[in-house]
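Structure file my_file.tsv (TSV, C-alpha atoms) follows.
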chain	number	residue	atom	x	y	z
R	1378	MET	CA	1.83	7.11	-12.64
R	1379	ARG	CA	-0.92	4.62	-11.79
R	1380	VAL	CA	-1.88	3.64	-8.23
R	1381	ALA	CA	-4.30	1.00	-6.90
R	1382	ILE	CA	-5.98	1.89	-3.61
R	1383	GLY	CA	-8.36	0.14	-1.25
R	1384	SER	CA	-9.60	0.33	2.31
R	1385	ASP	CA	-12.09	-0.93	4.79
R	1386	HIS	CA	-14.43	1.40	6.67
R	1387	GLY	CA	-11.67	2.40	9.11
R	1388	GLY	CA	-9.57	3.79	6.28
R	1389	TYR	CA	-12.36	5.06	4.05
R	1390	SER	CA	-12.23	8.78	4.95
R	1391	LEU	CA	-8.45	9.01	4.61
R	1392	LYS	CA	-8.57	6.99	1.38
R	1393	GLU	CA	-10.98	9.46	-0.18
R	1394	LYS	CA	-8.71	12.39	0.75
R	1395	ILE	CA	-5.65	10.59	-0.62
R	1396	LYS	CA	-7.49	9.84	-3.87
R	1397	ALA	CA	-8.39	13.51	-4.28
R	1398	TYR	CA	-4.80	14.58	-3.61
R	1399	LEU	CA	-3.27	12.07	-6.01
R	1400	THR	CA	-5.77	12.95	-8.73
R	1401	SER	CA	-4.86	16.63	-8.30
R	1402	GLN	CA	-1.24	15.57	-8.91
R	1403	HIS	CA	-2.24	13.89	-12.19
R	1404	VAL	CA	-1.88	10.37	-10.79
R	1405	ASP	CA	-4.28	7.78	-12.20
R	1406	VAL	CA	-5.95	6.19	-9.16
R	1407	VAL	CA	-8.04	3.02	-9.36
R	1408	ASP	CA	-10.19	2.47	-6.26
R	1409	TYR	CA	-10.91	-1.11	-5.20
R	1410	GLY	CA	-13.31	-0.11	-2.41
R	1411	THR	CA	-14.87	0.20	0.03
R	1412	ASN	CA	-17.24	3.00	-0.87
R	1413	SER	CA	-18.60	4.09	2.52
R	1414	ASN	CA	-17.99	4.16	6.27
R	1415	GLU	CA	-20.25	1.12	6.68
R	1416	SER	CA	-18.49	-1.77	8.42
R	1417	VAL	CA	-16.77	-4.24	6.08
R	1418	ASP	CA	-13.97	-6.78	6.40
R	1419	TYR	CA	-10.49	-5.53	5.45
R	1420	PRO	CA	-9.13	-8.83	4.02
R	1421	GLU	CA	-11.35	-8.45	0.94
R	1422	TYR	CA	-9.81	-5.08	0.05
R	1423	GLY	CA	-6.24	-6.08	0.83
R	1424	GLU	CA	-6.65	-9.06	-1.46
R	1425	LYS	CA	-8.19	-6.99	-4.27
R	1426	VAL	CA	-5.35	-4.46	-4.25
R	1427	GLY	CA	-2.79	-7.25	-3.91
R	1428	HIS	CA	-4.07	-9.03	-7.01
R	1429	ALA	CA	-4.20	-5.75	-8.92
R	1430	ILE	CA	-0.55	-5.05	-8.10
R	1431	VAL	CA	0.82	-8.46	-9.04
R	1432	GLY	CA	-1.37	-8.44	-12.14
R	1433	GLY	CA	0.62	-5.47	-13.42
R	1434	GLY	CA	-0.25	-2.07	-14.76
R	1435	PHE	CA	0.27	-0.21	-11.48
R	1436	ASP	CA	3.30	1.57	-10.07
R	1437	PHE	CA	2.27	0.67	-6.52
R	1438	GLY	CA	-0.69	0.23	-4.21
R	1439	ILE	CA	-2.02	1.85	-1.07
R	1440	VAL	CA	-4.17	-0.03	1.45
R	1441	LEU	CA	-5.82	1.37	4.56
R	1442	CYS	CA	-7.70	0.04	7.55
R	1443	GLY	CA	-8.00	1.43	11.07
R	1444	THR	CA	-4.34	0.80	11.89
R	1445	GLY	CA	-2.98	-0.51	8.59
R	1446	ILE	CA	-1.92	-3.71	10.31
R	1447	GLY	CA	-4.72	-6.09	9.31
R	1448	ILE	CA	-4.98	-4.99	5.71
R	1449	SER	CA	-1.20	-5.22	5.25
R	1450	ILE	CA	-1.28	-8.79	6.56
R	1451	ALA	CA	-4.12	-9.62	4.16
R	1452	ALA	CA	-2.39	-8.03	1.16
R	1453	ASN	CA	0.82	-9.92	1.94
R	1454	LYS	CA	-1.02	-13.22	1.54
R	1455	VAL	CA	-1.12	-12.57	-2.23
R	1456	LYS	CA	1.95	-14.15	-3.81
R	1457	GLY	CA	4.28	-11.42	-5.08
R	1458	VAL	CA	3.05	-8.67	-2.77
R	1459	ARG	CA	5.47	-6.84	-0.54
R	1460	ALA	CA	3.16	-4.66	1.55
R	1461	ALA	CA	4.78	-2.50	4.21
R	1462	LEU	CA	3.04	-0.76	7.08
R	1463	VAL	CA	4.55	2.71	7.07
R	1464	TYR	CA	3.99	5.49	9.59
R	1465	ASP	CA	6.46	8.24	8.70
R	1466	GLU	CA	8.74	9.44	5.91
R	1467	ASN	CA	11.64	7.28	7.08
R	1468	THR	CA	9.70	4.00	7.03
R	1469	ALA	CA	8.19	4.95	3.66
R	1470	ARG	CA	11.62	5.61	2.16
R	1471	LEU	CA	13.14	2.44	3.62
R	1472	ALA	CA	10.17	0.32	2.51
R	1473	LYS	CA	11.07	1.22	-1.07
R	1474	GLU	CA	14.87	1.45	-0.84
R	1475	HIS	CA	15.46	-1.77	1.14
R	1476	ASN	CA	12.37	-3.90	0.53
R	1477	ASN	CA	11.10	-2.69	-2.86
R	1478	ALA	CA	7.62	-2.62	-1.33
R	1479	ASN	CA	4.91	-2.60	-3.96
R	1480	ILE	CA	2.13	-1.67	-1.53
R	1481	ILE	CA	2.16	0.69	1.42
R	1482	ALA	CA	-0.31	0.35	4.26
R	1483	LEU	CA	-1.60	3.26	6.32
R	1484	GLY	CA	-3.80	3.50	9.38
R	1485	GLY	CA	-6.91	5.55	8.76
R	1486	ARG	CA	-7.32	6.10	12.50
R	1487	THR	CA	-3.61	6.54	13.27
R	1488	THR	CA	-2.34	8.67	10.37
R	1489	THR	CA	-3.19	12.30	9.75
R	1490	TYR	CA	-3.92	13.48	6.24
R	1491	GLU	CA	-0.80	15.65	6.22
R	1492	ASN	CA	1.38	12.76	7.35
R	1493	ALA	CA	-0.20	10.43	4.79
R	1494	ILE	CA	0.62	12.82	1.94
R	1495	SER	CA	4.18	13.22	3.18
R	1496	ILE	CA	4.55	9.43	3.41
R	1497	ILE	CA	3.15	8.86	-0.08
R	1498	ASN	CA	5.31	11.56	-1.66
R	1499	THR	CA	8.42	10.16	0.03
R	1500	PHE	CA	7.59	6.64	-1.14
R	1501	MET	CA	6.98	7.80	-4.72
R	1502	GLN	CA	10.35	9.59	-4.82
R	1503	ALA	CA	12.36	6.71	-3.35
R	1504	THR	CA	14.09	4.09	-5.48
R	1505	PHE	CA	15.01	0.50	-4.73
R	1506	GLU	CA	18.67	-0.08	-3.86
R	1507	SER	CA	19.62	-3.23	-5.77
R	1508	ARG	CA	22.18	-4.22	-3.11
R	1509	HIS	CA	19.17	-5.60	-1.20
R	1510	GLN	CA	18.06	-7.91	-4.03
R	1511	LYS	CA	19.54	-11.03	-2.40
R	1512	ARG	CA	17.22	-10.57	0.58
R	1513	LEU	CA	14.19	-10.06	-1.65
R	1514	ASP	CA	15.08	-13.25	-3.50
R	1515	LYS	CA	15.07	-15.07	-0.17
R	1516	ILE	CA	11.63	-13.66	0.62
R	1517	THR	CA	10.37	-14.80	-2.78
R	1518	SER	CA	11.79	-18.28	-2.16
R	1519	ILE	CA	9.64	-18.54	0.98
R	1520	GLU	CA	6.53	-18.14	-1.21
R	1521	GLY	CA	7.66	-21.14	-3.26
R	1522	LYS	CA	7.79	-23.42	-0.20
R	1523	GLU	CA	4.03	-23.56	0.28
Could you quickly redo this structure as C-alpha cells?
Amino acid sequence: MRVAIGSDHGGYSLKEKIKAYLTSQHVDVVDYGTNSNESVDYPEYGEKVGHAIVGGGFDFGIVLCGTGIGISIAANKVKGVRAALVYDENTARLAKEHNNANIIALGGRTTTYENAISIINTFMQATFESRHQKRLDKITSIEGKE
C-alpha cells in the first residue's frame, strides 16, 4: 500500500505520528510537507497531495490542518479529488463505501492519535459500493462544467 500525506503546521505533529504508525505497518508513505510546526498556508499542501493522488501511484491520501476543514477544501479544488473530512470510524467507512473518497482529511487539533489510527484503519479496510457510482458520475460531471 502507498499513501500520500501532507499537512500544515496545525496538523504537523499528528502527521508525524501517523507516518510512523503507517511505516510500522509496512505502508509506503510519501510526505508532501510541511516539515515543522512553523506557520504555513494549508492550501499548498492540500494541492500537493491532491495532484499526487490524481497523478496515480497511491492508494489514497491523508491531509491534515488544525481542523481538517481548510485543507480538505483546498484538496477538493484539484480535479479528480474526492477529499472527505472524517472524524470517526463511521464517517471514514462511509467516505469510502458511498463516496469512494481518495483523500481523507483529519484535524490535527481536533483528532486524537488513537482516533486517527482507528479512522485510518477503518478507511483502509472499507471498499466502495458500486451502487453509488451514479452519484459519483454526477459529481465528476460538475467538474466538467467549469
Inset, instruction - Return the single residue from R:His1386, R:Leu1391, R:Phe1435, R:His1403 that is closest to R:Glu1415, with distances computed using all atoms listed in the file. - result: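 For R:Glu1415, the nearest of the given residues is R:His1386.
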Inset, instruction - Determine, counting all atoms listed in the file, every residue of protein, DNA or RNA that lies within 9 Å of (-5.3, 6.5, 13.1) in the file coordinates, then give the result as an MDAnalysis selection string. - result: chainID R and resid 1387:1388 1442:1445 1483:1489
Legend entry - Test item: residues at most 6 Å from stretch 1498-1501 of chain R, only C-alpha atoms, excluding those fewer than 5 positions along its chain, as a ChimeraX atom specification: /R:1466,1469-1470
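For stretch 1422-1429 of chain R, the residues within 6 Å (counting only C-alpha atoms, excluding itself and residues fewer than 3 positions away along the chain) are Gly1383, Ser1384, Tyr1419, Gly1432, Ile1448, Ala1451, Ala1452 and Val1455 of chain R.
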Inset, instruction - Considering all atoms listed in the file, state which residue in the set R:Ile1497, R:Ile1516, R:Ile1395, R:Val1407 is at the smallest distance from R:Asn1453. - result: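 Of R:Ile1497, R:Ile1516, R:Ile1395, R:Val1407, the one nearest R:Asn1453, counting all atoms listed in the file, is R:Ile1516.
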Inset, instruction - Using all atoms listed in the file, find the one residue out of R:Lys1456, R:His1475, R:Lys1394, R:Arg1379 that sits nearest to R:His1509. - result: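 Comparing R:Lys1456, R:His1475, R:Lys1394, R:Arg1379 against R:His1509, the winner is R:His1475.
Each of R:Lys1473, R:Ile1439, R:Gly1434, R:Pro1420 was compared to R:Asp1408 using only C-alpha atoms, and R:Ile1439 turns out to be the nearest.
A straight line drawn from atom CA of R:Ser1416 to atom CA of R:Gly1447 is 14.5 Å long.
Residues in contact with R:Asn1467 at up to 9 Å, not including ones fewer than 4 positions away on its chain and judged by all atoms listed in the file, are Val1463, Leu1471, Ala1472, Ile1496 and Thr1499 of chain R.
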Legend entry - Option closest in space to R:Phe1437, from R:Asp1385, R:Ile1494, R:Ala1478, R:Glu1421 [counting only C-alpha atoms]: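 Smallest distance to R:Phe1437 is found for R:Ala1478.
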Inset, instruction - Go through R:Asn1414, R:Thr1400, R:Asn1477, R:Ser1495 one by one, measure the shortest atom-to-atom distance of each to R:Ser1507 using only C-alpha atoms, and give the residue with the smallest value. - result: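 Among R:Asn1414, R:Thr1400, R:Asn1477, R:Ser1495, it is R:Asn1477 that comes nearest to R:Ser1507.
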Expected file content for chain R, C-alpha atoms, as an mmCIF file, in the first residue's frame:
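Final output, result-v3.cif:
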data_model
loop_
_atom_site.group_PDB
_atom_site.id
_atom_site.type_symbol
_atom_site.label_atom_id
_atom_site.label_comp_id
_atom_site.auth_asym_id
_atom_site.auth_seq_id
_atom_site.Cartn_x
_atom_site.Cartn_y
_atom_site.Cartn_z
ATOM 1 C CA MET R 1378 0.000 0.000 0.000
ATOM 2 C CA ARG R 1379 1.180 3.516 -0.836
ATOM 3 C CA VAL R 1380 -0.161 6.666 0.852
ATOM 4 C CA ALA R 1381 0.460 10.367 0.157
ATOM 5 C CA ILE R 1382 0.302 12.620 3.219
ATOM 6 C CA GLY R 1383 0.567 16.336 3.828
ATOM 7 C CA SER R 1384 -0.264 18.926 6.444
ATOM 8 C CA ASP R 1385 0.147 22.480 7.531
ATOM 9 C CA HIS R 1386 1.617 23.413 10.907
ATOM 10 C CA GLY R 1387 -1.670 22.656 12.687
ATOM 11 C CA GLY R 1388 -1.545 19.051 11.558
ATOM 12 C CA TYR R 1389 2.207 18.543 11.621
ATOM 13 C CA SER R 1390 2.529 16.712 14.966
ATOM 14 C CA LEU R 1391 -0.304 14.286 14.225
ATOM 15 C CA LYS R 1392 1.012 13.760 10.683
ATOM 16 C CA GLU R 1393 4.393 12.694 12.018
ATOM 17 C CA LYS R 1394 2.766 10.176 14.388
ATOM 18 C CA ILE R 1395 0.571 8.812 11.591
ATOM 19 C CA LYS R 1396 3.599 8.438 9.322
ATOM 20 C CA ALA R 1397 5.442 6.459 11.994
ATOM 21 C CA TYR R 1398 2.431 4.206 12.555
ATOM 22 C CA LEU R 1399 1.847 3.539 8.863
ATOM 23 C CA THR R 1400 5.528 2.837 8.277
ATOM 24 C CA SER R 1401 5.458 0.330 11.146
ATOM 25 C CA GLN R 1402 2.579 -1.369 9.293
ATOM 26 C CA HIS R 1403 4.721 -1.648 6.140
ATOM 27 C CA VAL R 1404 2.830 1.103 4.308
ATOM 28 C CA ASP R 1405 4.903 3.206 1.914
ATOM 29 C CA VAL R 1406 4.261 6.824 2.949
ATOM 30 C CA VAL R 1407 5.293 9.803 0.817
ATOM 31 C CA ASP R 1408 5.273 13.084 2.758
ATOM 32 C CA TYR R 1409 4.424 16.273 0.872
ATOM 33 C CA GLY R 1410 5.145 18.570 3.831
ATOM 34 C CA THR R 1411 5.193 20.619 5.894
ATOM 35 C CA ASN R 1412 8.276 19.709 7.873
ATOM 36 C CA SER R 1413 7.860 21.712 11.091
ATOM 37 C CA ASN R 1414 5.396 23.461 13.398
ATOM 38 C CA GLU R 1415 6.282 26.800 11.778
ATOM 39 C CA SER R 1416 3.223 28.585 10.383
ATOM 40 C CA VAL R 1417 2.468 27.815 6.720
ATOM 41 C CA ASP R 1418 -0.604 28.003 4.492
ATOM 42 C CA TYR R 1419 -2.625 24.780 4.179
ATOM 43 C CA PRO R 1420 -3.770 25.237 0.542
ATOM 44 C CA GLU R 1421 -0.247 24.480 -0.703
ATOM 45 C CA TYR R 1422 -0.210 21.069 0.986
ATOM 46 C CA GLY R 1423 -3.770 20.151 0.063
ATOM 47 C CA GLU R 1424 -2.946 20.904 -3.552
ATOM 48 C CA LYS R 1425 0.295 18.890 -3.478
ATOM 49 C CA VAL R 1426 -1.409 15.791 -2.085
ATOM 50 C CA GLY R 1427 -4.353 16.276 -4.448
ATOM 51 C CA HIS R 1428 -2.104 16.310 -7.510
ATOM 52 C CA ALA R 1429 -0.191 13.297 -6.215
ATOM 53 C CA ILE R 1430 -3.417 11.318 -5.849
ATOM 54 C CA VAL R 1431 -4.864 12.120 -9.270
ATOM 55 C CA GLY R 1432 -1.439 11.546 -10.803
ATOM 56 C CA GLY R 1433 -1.658 7.907 -9.742
ATOM 57 C CA GLY R 1434 0.580 5.556 -7.865
ATOM 58 C CA PHE R 1435 -1.126 5.986 -4.490
ATOM 59 C CA ASP R 1436 -3.897 4.033 -2.828
ATOM 60 C CA PHE R 1437 -5.164 7.164 -1.070
ATOM 61 C CA GLY R 1438 -4.085 10.375 0.607
ATOM 62 C CA ILE R 1439 -4.271 11.900 4.058
ATOM 63 C CA VAL R 1440 -4.312 15.662 4.632
ATOM 64 C CA LEU R 1441 -4.277 17.481 7.957
ATOM 65 C CA CYS R 1442 -4.649 21.032 9.188
ATOM 66 C CA GLY R 1443 -5.931 22.342 12.514
ATOM 67 C CA THR R 1444 -9.494 21.166 11.873
ATOM 68 C CA GLY R 1445 -9.169 19.351 8.554
ATOM 69 C CA ILE R 1446 -11.716 21.699 7.030
ATOM 70 C CA GLY R 1447 -9.493 24.133 5.131
ATOM 71 C CA ILE R 1448 -7.112 21.557 3.735
ATOM 72 C CA SER R 1449 -9.998 19.353 2.567
ATOM 73 C CA ILE R 1450 -11.490 22.322 0.717
ATOM 74 C CA ALA R 1451 -8.119 23.037 -0.894
ATOM 75 C CA ALA R 1452 -7.548 19.410 -1.905
ATOM 76 C CA ASN R 1453 -11.030 19.241 -3.435
ATOM 77 C CA LYS R 1454 -10.120 22.040 -5.833
ATOM 78 C CA VAL R 1455 -7.890 19.568 -7.704
ATOM 79 C CA LYS R 1456 -9.934 17.937 -10.463
ATOM 80 C CA GLY R 1457 -10.490 14.266 -9.639
ATOM 81 C CA VAL R 1458 -10.044 14.573 -5.885
ATOM 82 C CA ARG R 1459 -12.748 13.385 -3.546
ATOM 83 C CA ALA R 1460 -11.450 14.511 -0.156
ATOM 84 C CA ALA R 1461 -13.649 13.805 2.849
ATOM 85 C CA LEU R 1462 -13.329 15.326 6.288
ATOM 86 C CA VAL R 1463 -13.712 12.366 8.621
ATOM 87 C CA TYR R 1464 -13.911 12.400 12.405
ATOM 88 C CA ASP R 1465 -14.775 8.856 13.454
ATOM 89 C CA GLU R 1466 -14.869 5.278 12.174
ATOM 90 C CA ASN R 1467 -18.367 5.666 10.745
ATOM 91 C CA THR R 1468 -17.562 8.714 8.609
ATOM 92 C CA ALA R 1469 -14.319 7.059 7.477
ATOM 93 C CA ARG R 1470 -16.155 3.909 6.390
ATOM 94 C CA LEU R 1471 -18.932 5.830 4.643
ATOM 95 C CA ALA R 1472 -16.448 8.133 2.898
ATOM 96 C CA LYS R 1473 -15.069 5.062 1.148
ATOM 97 C CA GLU R 1474 -18.223 2.957 0.759
ATOM 98 C CA HIS R 1475 -20.530 5.720 -0.520
ATOM 99 C CA ASN R 1476 -18.207 8.382 -1.939
ATOM 100 C CA ASN R 1477 -15.096 6.421 -2.929
ATOM 101 C CA ALA R 1478 -13.055 9.164 -1.268
ATOM 102 C CA ASN R 1479 -9.452 9.159 -2.411
ATOM 103 C CA ILE R 1480 -8.253 11.506 0.341
ATOM 104 C CA ILE R 1481 -9.267 11.708 3.977
ATOM 105 C CA ALA R 1482 -8.841 14.896 5.972
ATOM 106 C CA LEU R 1483 -8.180 14.993 9.702
ATOM 107 C CA GLY R 1484 -7.948 17.799 12.219
ATOM 108 C CA GLY R 1485 -4.593 17.913 13.953
ATOM 109 C CA ARG R 1486 -6.110 19.923 16.801
ATOM 110 C CA THR R 1487 -9.421 18.044 16.927
ATOM 111 C CA THR R 1488 -8.409 14.393 16.468
ATOM 112 C CA THR R 1489 -6.508 12.288 18.969
ATOM 113 C CA TYR R 1490 -3.764 9.982 17.777
ATOM 114 C CA GLU R 1491 -5.769 6.920 18.822
ATOM 115 C CA ASN R 1492 -8.846 8.130 16.953
ATOM 116 C CA ALA R 1493 -6.767 8.969 13.878
ATOM 117 C CA ILE R 1494 -5.343 5.444 13.729
ATOM 118 C CA SER R 1495 -8.794 3.936 14.143
ATOM 119 C CA ILE R 1496 -10.138 6.185 11.372
ATOM 120 C CA ILE R 1497 -7.292 5.324 9.004
ATOM 121 C CA ASN R 1498 -7.559 1.581 9.629
ATOM 122 C CA THR R 1499 -11.317 1.682 9.069
ATOM 123 C CA PHE R 1500 -10.886 3.627 5.832
ATOM 124 C CA MET R 1501 -8.215 1.223 4.565
ATOM 125 C CA GLN R 1502 -10.459 -1.791 5.219
ATOM 126 C CA ALA R 1503 -13.577 -0.299 3.599
ATOM 127 C CA THR R 1504 -14.493 -0.857 -0.036
ATOM 128 C CA PHE R 1505 -16.504 1.255 -2.435
ATOM 129 C CA GLU R 1506 -20.088 0.079 -3.004
ATOM 130 C CA SER R 1507 -20.610 0.403 -6.752
ATOM 131 C CA ARG R 1508 -24.342 1.100 -6.298
ATOM 132 C CA HIS R 1509 -23.245 4.690 -5.574
ATOM 133 C CA GLN R 1510 -21.400 5.116 -8.893
ATOM 134 C CA LYS R 1511 -24.223 7.127 -10.487
ATOM 135 C CA ARG R 1512 -23.802 9.811 -7.834
ATOM 136 C CA LEU R 1513 -20.039 9.906 -8.287
ATOM 137 C CA ASP R 1514 -20.554 10.315 -12.027
ATOM 138 C CA LYS R 1515 -22.751 13.333 -11.295
ATOM 139 C CA ILE R 1516 -20.028 14.815 -9.092
ATOM 140 C CA THR R 1517 -17.481 14.280 -11.864
ATOM 141 C CA SER R 1518 -19.809 15.977 -14.360
ATOM 142 C CA ILE R 1519 -19.784 19.100 -12.172
ATOM 143 C CA GLU R 1520 -16.003 19.324 -12.680
ATOM 144 C CA GLY R 1521 -16.562 19.374 -16.444
ATOM 145 C CA LYS R 1522 -18.843 22.430 -16.256
ATOM 146 C CA GLU R 1523 -16.073 24.862 -15.357
#
